[in-house]
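Below: the structure, in structure tokens.
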Amino acid sequence: MISGVTALALAVAGLGMTALSQAKASGLPTVRVVTPVFNPANETFASDGLGAYYAAGGRSYYMYVGAGSTITISYAVTTDGTTPAADKTIDFMVNAPYSASTAAWTVNGASVGPSANSATGYGLMVTGKTDAKGQVSFTVKNVDTAATAEALPASETAPRAATGRVYGNIKAVIDGLSDMQQVEDLLTFDITKAAASTLGGAGTPVVTPTPSATASATPTPTATTAAGVNIRLVSPVLTDTNSIHRADLEKLFSVDNTWYPVGVGFHQIYLPTGSKFVVAYKVTDTSGATLSGKTVKLHVNKAYSKSNAKVAQGTNATDATKDDSQGNDQLVLSAVTNSSGIATFNLQNLDTKGEVVPAKPTAPAPVDASNGAVFSQFYPEVNGATDIADFFEIHFTTAPATKVIIACVKGKVTKKVSGLKPLCPKGYTKKK
């Protein structure tokens with residue numbers, strides 16, 4: 001259960017969570033989120049002063065999701081930060097007590113009410129049991145509408161609004177333990193006017209093919225030589241409503257040609273220039289079993305893709321001098337899968353000028369620089385030729401500058417001046 005002071009801190013923070021951590025926290029039991037994967041730039045545990053109320057090692061993140069989204073939240077539970085805790089009862093609280101959460105949800109068909117100011121003031125609590133691996137999942141469906149949701153944020157890492165928020169705090173705990181007796185991952189989902197999507201789960205969301213007539217770059221031909229693995233994109237979560245599913249390219253790459261094994265995925269999405277974003281892949285064997293400790297190589301601005309955007313992870317950035325038409329990737333990064341089989345990359349776009357903002361997220365993307373494209377193509381690899389993996393492209397956009405109107409005063413005369421950076425005529429002063 002949540003104490004009044006503790007839960008009030010949750011309300012002020014607007015909490016949320018990231019992927020599974022490898023760190024131990026003083027040997028305490030842990031309840032860590034595996035999916036969905038949260039952007040580390042949205043971590044607020046320290047800045048919100050939550051260490052006074054929760055055990056050291058706790059984490060809190062927030063995420064913006066579209067009204068009507070369905071979210072499957074998977075947790076890994078341990079007895080000491082490492083050892084899986086099997087057959088543990090987990091209390092899953094939606095719209096946590098004292099949090100002022102008002103988002104509307106259903107869980108297993110049951111409606112979730114708003115948060116109340118009492119120790120049992122959660123909108124709804126359900127319980128689950130961890131499996132032999134210490135894992136448990138819960139699915140929540142948001143039932144807010146776009147009409148009542150928050151405005152779209154400037155980016156996925158935009159600061160939380162000071163007013164007008166529509167959000168739900170979610171907390172999972174080991175039954176019978178206090179906040180100081182276990183290390184918790186705290187989540188907040190802010191509900192926006194974006195299209196609904198499906199987040200979380202074991203792998204890539206199931207989507208209906210929506211072929212696009214837009215051409216794309218020719219991939220690197222490779223030969224099939226040995227048994228591979230499945231490498232599926234889990235962040236960003238891409239669906240038919242928030243991205244362009246290129247079923248035509250999936251067919252071209254693996255059916256019409258033998259460049260890649262049958263089953264590869266290909267999506268395109270739009271993000272604003274300068275965005276920070278998380279790319280995460282889940283790696284499994286051909287039977288679906290999780291593969292931990294696997295090195296995933298991420299090809300950024302992949303060879304032959306005509307990618308031209310500037311992308312970096314820390315000080316490692318794409319090198320535009322590498323000619324992709326000669327088989328050169330502009331950047332190759334690596335990460336090792338954690339105990340849930342997930343490898344994570346924290347990236348940022350460095351461009352200042354991008355494509356024109358599309359009319360909708362599913363609008364066909366331009367092909368290359370001659371058509372105004374500013375994009376990066378990503379492809380993961382473990383074993384190489386036989387990996388069944390998800391391609392995706394990010395097309396970076398820049399909103400057009402908007403004109404500003406100011407009022408200029410000279411004595412009793414007022415003039416209105418408009419422009420991108422308007423200035424008052426000589427002798428006039430700007431009205432405040």
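Residues in the structure tokens are named by chain (A, B, ... in the order shown) and by number from 1 within that chain; ligands are numbered from 1 in the order shown.
All residues in stretch 61-100 of chain A with a DSSP state of strand (DSSP E or B), computed from the backbone, read Tyr61, Tyr62, Met63, Tyr64, Val65, Gly66, Thr70, Ile71, Thr72, Ile73, Ser74, Tyr75, Ala76, Val77, Thr78, Pro84, Thr89, Ile90, Asp91, Phe92, Met93 and Val94 of chain A.
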Based on the selection just made, write C-alpha atoms of those residues as an mmCIF file, in the first residue's frame.
```cif
data_model
loop_
_atom_site.group_PDB
_atom_site.id
_atom_site.type_symbol
_atom_site.label_atom_id
_atom_site.label_comp_id
_atom_site.auth_asym_id
_atom_site.auth_seq_id
_atom_site.Cartn_x
_atom_site.Cartn_y
_atom_site.Cartn_z
ATOM 1 C CA TYR A 61 9.460 7.680 -15.684
ATOM 2 C CA TYR A 62 6.617 9.193 -17.654
ATOM 3 C CA MET A 63 5.401 8.456 -21.177
ATOM 4 C CA TYR A 64 2.968 10.173 -23.539
ATOM 5 C CA VAL A 65 0.396 7.839 -25.128
ATOM 6 C CA GLY A 66 -2.594 8.431 -27.370
ATOM 7 C CA THR A 70 -3.760 -0.503 -24.952
ATOM 8 C CA ILE A 71 -0.669 -1.086 -22.811
ATOM 9 C CA THR A 72 0.727 -4.426 -21.680
ATOM 10 C CA ILE A 73 3.104 -3.887 -18.776
ATOM 11 C CA SER A 74 5.519 -6.736 -18.064
ATOM 12 C CA TYR A 75 7.537 -6.939 -14.862
ATOM 13 C CA ALA A 76 10.528 -9.000 -13.732
ATOM 14 C CA VAL A 77 10.468 -9.630 -9.981
ATOM 15 C CA THR A 78 13.476 -10.750 -7.922
ATOM 16 C CA PRO A 84 13.896 -14.548 -9.979
ATOM 17 C CA THR A 89 1.684 -12.219 -5.493
ATOM 18 C CA ILE A 90 1.973 -8.807 -7.157
ATOM 19 C CA ASP A 91 -0.478 -5.988 -6.366
ATOM 20 C CA PHE A 92 -1.044 -3.887 -9.487
ATOM 21 C CA MET A 93 -2.564 -0.475 -8.712
ATOM 22 C CA VAL A 94 -3.995 1.735 -11.457
#
```
Using only C-alpha atoms, determine which residues lie at most 7 Å from A:Ile394, disregarding the query and same-chain residues fewer than 4 positions distant; provide the list as a VMD selection string.
chain A and resid 268 to 271 375 to 377
Take the residues from that selection and put them in a file with C-alpha atoms, as a short mmCIF file (atom, residue, chain, number, x, y, z; two decimals), in the first residue's frame.
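Final output, again-v7.cif:
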```cif
data_model
loop_
_atom_site.label_atom_id
_atom_site.label_comp_id
_atom_site.auth_asym_id
_atom_site.auth_seq_id
_atom_site.Cartn_x
_atom_site.Cartn_y
_atom_site.Cartn_z
CA GLN A 268 8.80 4.23 -41.29
CA ILE A 269 7.96 6.94 -38.75
CA TYR A 270 8.22 10.70 -38.39
CA LEU A 271 9.92 12.54 -35.49
CA PHE A 375 16.04 10.19 -42.57
CA SER A 376 17.98 7.38 -40.94
CA GLN A 377 17.54 3.68 -41.61
#
```
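Each of A:Gln182, A:Phe138, A:Asp285, A:Ala104 was checked against A:Tyr167 using only C-alpha atoms; the smallest atom-to-atom distance is that of A:Ala104.
Comparing A:Ala343, A:Ala309, A:Ala67, A:Ala116 by their smallest distance to A:Ala373, the closest is A:Ala309 (using only C-alpha atoms).
Considering only C-alpha atoms, the residue among A:Ile342, A:Cys408, A:Ala247, A:Val255 positioned nearest to A:Ala280 is A:Ile342.
With distances restricted to only C-alpha atoms, A:Thr102 is the closest residue to A:Thr148 from A:Thr102, A:Ser243, A:Asn301, A:Ser118.
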Counting only C-alpha atoms, what is within 7 Å of A:Asp329, bar same-chain residues fewer than 6 positions away, as an NGL selection string?
:A and (299-303)
Show me, as an NGL selection string, the residues that have an atom within 8 Å of A:Thr145 when counting only C-alpha atoms, minus same-chain residues fewer than 4 positions from it.
:A and (67-68 or 149 or 193)
I need the residues from that last selection saved to file as a PDB file, in the first residue's frame (with N, CA and C atoms), if you can.
```pdb
ATOM      1  N   ALA A  67      -4.868   8.709 -26.598  1.00  0.00           N
ATOM      2  CA  ALA A  67      -6.123   8.282 -25.984  1.00  0.00           C
ATOM      3  C   ALA A  67      -6.604   7.007 -26.667  1.00  0.00           C
ATOM      4  N   GLY A  68      -7.073   6.050 -25.849  1.00  0.00           N
ATOM      5  CA  GLY A  68      -7.562   4.787 -26.389  1.00  0.00           C
ATOM      6  C   GLY A  68      -6.505   3.715 -26.534  1.00  0.00           C
ATOM      7  N   ALA A 149      -8.370  14.715 -23.891  1.00  0.00           N
ATOM      8  CA  ALA A 149      -6.965  14.410 -23.652  1.00  0.00           C
ATOM      9  C   ALA A 149      -6.098  15.669 -23.690  1.00  0.00           C
ATOM     10  N   LYS A 193      -3.762  13.637 -27.389  1.00  0.00           N
ATOM     11  CA  LYS A 193      -4.657  13.571 -28.542  1.00  0.00           C
ATOM     12  C   LYS A 193      -4.071  12.767 -29.703  1.00  0.00           C
TER      13      LYS A 193
END
```
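Residue nearest A:Asp190, chosen from A:Leu238, A:Ala103, A:Pro261, A:Thr402 and counting only C-alpha atoms: A:Ala103.
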Surrounding residues of A:Asn308 excluding itself and chain neighbours under 3 positions, 12 Å, only C-alpha atoms, as a ChimeraX atom specification:
/A:300-305,311,318-325,329-331,349-351,353-355,367-370,372-377,393-396
Compile the contact shell of A:Val357 as JSON, numbers by chain: residues with an atom at most 9 Å away, counting only C-alpha atoms, same-chain residues fewer than 4 positions apart removed.
{"A": [270, 272, 396, 397, 398, 399, 400]}
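Here atom CA of A:Phe189 stands at a distance of 10.3 Å from atom CA of A:Ser69.
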